[in-house]
Protein chains: 2
Amino acid sequence: MKVTPWEVEGDVDYNKLIKEFGINPMPKLPSVFNENILFKRKIVFAQRDFDRILSAIKNKKKFVMMTGLMPSGKFHLGHAILAQQMVFYQKLGAKIYIAAADLEAYNTRQKSLEELRKIAIEQYLKNYIAIGLNPKNCDFYFQSERSKEYKKSNAYYRLASNFSRYATFNEFKAVYGEISPGKMNASLLQASDMFHSQLPEFEGNPLPVLIPVGSDQDPHIRLARGIGSRYKDYKFMQLSSSYHIFLPGLKGGGKMSSSDESSFIAMDDSPKQVENKIKKYAFSGGRATLKEHKEKGGNPDVDVSYQYLSFFEENEIRLKKIHDNYKSGSLLTSELKQILIDKLNKFLKEHQERKEKADIDKFISKD
Amino acid sequence: MKVTPWEVEGDVDYNKLIKEFGINPMPKLPSVFNENILFKRKIVFAQRDFDRILSAIKNKKKFVMMTGLMPSGKFHLGHAILAQQMVFYQKLGAKIYIAAADLEAYNTRQKSLEELRKIAIEQYLKNYIAIGLNPKNCDFYFQSERSKEYKKSNAYYRLASNFSRYATFNEFKAVYGEISPGKMNASLLQASDMFHSQLPEFEGNPLPVLIPVGSDQDPHIRLARGIGSRYKDYKFMQLSSSYHIFLPGLKGGGKMSSSDESSFIAMDDSPKQVENKIKKYAFSGGRATLKEHKEKGGNPDVDVSYQYLSFFEENEIRLKKIHDNYKSGSLLTSELKQILIDKLNKFLKEHQERKEKADIDKFISKD
């Protein structure tokens, strides 16, 4: 097993991650969480300092959910897990901060800011909107242009610069291995992304900030927490974070990766593309022969199609039936795949229709 | 001889500096330059790409003179040499950009931004105004708050971030020796200070930018030139720079240093302080005894009081007379010092009166 922000390989043991990262399992959650598939099925499985988020929700106090997007490649099903959390927390009263990390991508992906901006809007923002993100109580911004209010912009960049006084090269190296000026700069901006909502120019006071991430992203959280805790000119409340498991890549193991077409289902894939990808790539827990499968049954726990259904099939009874039938051998791999294909294509058709109508103007005002 | 941005020691051989830095002597200058003591006496003695500045002046084209100030300690006579150039170029039509490097000072001097802001205004801006800086055609700013126009602020910080993609640690190390995240961040901001006036959000087009510096500051210029020339997303005109000799420290050698009270005359020193410092510290080129001095004469070339007069006594004939009389022995060290004391105290009295009246509001608008 290898889990870093740049590589996820092998079968991921989430209990091991909890120990390695020094994070905590989710506490007992209020019912509103357990009505959501992400929490009910422990897709969001661990946290740091999550208590203050629960307390803010309970007491109807202000809190922020902050996340970033790296504008590279296509928005796929793996990204949707985070977007669903945005929508969930927004409904619970969170102010949503979304950083389109175009400056970071500029430094590390060799693209122009114009290309990156386009990807951020077409591939990310529009999909967020289709998933249900509301412009109200949402601050979507580009790192390259934090705000149209000069006080906010100055405060955001000032914080990134000030943080550099409290950072050491060794801690960057611990996270990045090889560190370059471009990566270091991006990392300071990211720390400002995570903390700046608490400044007087933004939400006004130290307040709980939740950063939900995939479980490979914890090194970024640890780095920012360290810098933020040493910063002396403003008393930040420490970051809260939550960790979700990966939607595995189509071929099994690891996670969906934008850089590998055969690992993901993109949100704008056509029904035919979805069918072909699942049939061709989706790793199967079925037996070598039809006869053997019917006799001994399949293994849903390693079957990628079944795993995807556990993210997208909301109905518990239906999901359990699929599980049991596959395990007993009465459900064939081709049938299981077809259930997933139908499920995804229905979901994607509705999603794509909503995306067509996505109105970005309320999120990013034009000049 | 040692000349770095952090240390100037020994007798500075300016011809040697020209060779070491790969800079060039000043070219033949138009008469308006030679009417100015700074150019007439070769206090400004070397340059890079100065031809495009001369050409802009000749053709009445737009150009920028950019400089930065590190808000630390007292403004002294050594700083005045740079301020005099601001006023000179402003009168020649330059737009003046002045960066109060408070973010850089924050990272390296362990002070708060509030303290640094106060020093920048009280010790620097007010003295610039007293020396003759005009609010018209002048953009005085703090790194921590580039502008009250959001497009400008965003563009300035964006450039510092983008530059990081084109920088390497090795080039920072070549300039700084030990490099820390804080220094690196400051260095990227400094490169943005030097280049950003050329962006569309500021002066609008690539245009000549002159950065006059003390001859110890060339490593910063070289670093910024390197990064700017590799930057691909905007075609900057390469920086022009000029180099002035140091006003030596009172005790001779090196330069006036804010961190050594006995090395400098501050712009707000009282007449008594000036008298005491010159009498006590100013290194003398006189002989060991009065008798010997009268017989063999003094050495004006190593005499600090005489050197100061060569910066402040505008009248060529009077200066030559002092030189010759000191050399012949008819002018005693005590008399030479008294000439300087009177000269400086007259200059400082008028300066301090102007400083009293300095109106900063036209330079930095309040909210």
# chains A, B, ... in the order shown; residues from 1 in each chain; ligands from 1
$ interface_residues --of "chain A" --to "chain B" --cutoff "6 Å" --atoms "only C-alpha atoms" --output "PyMOL selection string"
chain A and resi 107+144-145+148-150+154+158+164-165+181-182
$ residues_around --residues "Pro30 of chain A" --least-positions-apart "3" --cutoff "9 Å" --atoms "only C-alpha atoms" --output "list of chain:residue names"
A:Phe33, A:Asn34, A:Leu54, A:Lys58
$ residues_around --residues "Ile360 of chain A" --least-positions-apart "5" --cutoff "10 Å" --atoms "only C-alpha atoms" --output "MDAnalysis selection string"
chainID A and resid 121:122 125:126 129 135 365
$ residues_around --residues "Gln352 of chain A" --least-positions-apart "3" --cutoff "9 Å" --atoms "only C-alpha atoms" --output "list of chain:residue names"
A:Asn127, A:Ala130, A:Met267, A:Asp268, A:Phe347, A:Leu348, A:Lys349, A:Lys355, A:Glu356, A:Lys357
$ write_last_selection --atoms "C-alpha atoms" --output "PDB file, in the first residue's frame"
ATOM      1  CA  ASN A 127     -20.060  19.996 -12.289  1.00  0.00           C
ATOM      2  CA  ALA A 130     -24.874  20.290 -11.427  1.00  0.00           C
ATOM      3  CA  MET A 267     -18.906  13.129 -15.692  1.00  0.00           C
ATOM      4  CA  ASP A 268     -19.296  13.943 -19.374  1.00  0.00           C
ATOM      5  CA  PHE A 347     -27.213   9.358 -12.999  1.00  0.00           C
ATOM      6  CA  LEU A 348     -24.954  10.886 -15.653  1.00  0.00           C
ATOM      7  CA  LYS A 349     -27.803  11.743 -18.028  1.00  0.00           C
ATOM      8  CA  LYS A 355     -24.612  20.765 -16.144  1.00  0.00           C
ATOM      9  CA  GLU A 356     -25.893  22.067 -19.499  1.00  0.00           C
ATOM     10  CA  LYS A 357     -27.992  24.579 -17.616  1.00  0.00           C
TER      11      LYS A 357
END
$ atom_distance --atom1 "atom CA of Glu353 of chain A" --atom2 "atom CA of Ile211 of chain A"
29.1 Å
$ atom_distance --atom1 "atom CA of Ala358 of chain A" --atom2 "atom CA of Met66 of chain A"
21.4 Å
$ residues_around --residues "Gly252 of chain B" --least-positions-apart "2" --cutoff "9 Å" --atoms "only C-alpha atoms" --output "mmCIF file with C-alpha atoms, in the first residue's frame"
data_model
loop_
_atom_site.group_PDB
_atom_site.id
_atom_site.type_symbol
_atom_site.label_atom_id
_atom_site.label_comp_id
_atom_site.auth_asym_id
_atom_site.auth_seq_id
_atom_site.Cartn_x
_atom_site.Cartn_y
_atom_site.Cartn_z
ATOM 1 C CA GLY B 10 37.362 47.661 3.399
ATOM 2 C CA ASP B 11 38.258 50.174 0.707
ATOM 3 C CA PRO B 248 31.397 55.908 3.625
ATOM 4 C CA GLY B 249 30.678 55.247 7.278
ATOM 5 C CA LEU B 250 31.870 57.962 9.669
ATOM 6 C CA GLY B 254 32.391 50.445 4.267
ATOM 7 C CA LYS B 255 29.178 52.410 4.203
ATOM 8 C CA SER B 263 28.588 55.043 11.326
ATOM 9 C CA TYR B 281 34.054 59.558 14.818
ATOM 10 C CA ALA B 282 34.835 61.112 11.433
ATOM 11 C CA PHE B 283 37.985 59.449 10.178
ATOM 12 C CA SER B 284 40.639 62.054 9.466
ATOM 13 C CA VAL B 302 40.910 59.218 2.805
ATOM 14 C CA ASP B 303 39.390 61.961 4.939
ATOM 15 C CA VAL B 304 35.738 61.171 5.600
#
$ closest_residue --among "B:Gln273, B:Pro219, B:Phe363, B:Arg287" --to "Thr4 of chain B" --atoms "only C-alpha atoms"
B:Pro219
$ select_by_dssp --residues "segment 195-233 of chain B" --states "helix (DSSP H, G or I)" --output "number ranges by chain"
B: 195-198, 218-230
$ closest_residue --among "B:Gln198, B:Gly329, B:Ser257, B:Arg41" --to "Asn315 of chain B" --atoms "only C-alpha atoms"
B:Arg41
$ atom_distance --atom1 "atom CA of Ile245 of chain A" --atom2 "atom CA of Tyr14 of chain A"
7.6 Å
$ residues_around --residues "Arg48 of chain A" --least-positions-apart "5" --cutoff "7 Å" --atoms "only C-alpha atoms" --output "list in words"
Ile23, Asn24, Ser240, Ser241 and Ser242 of chain A
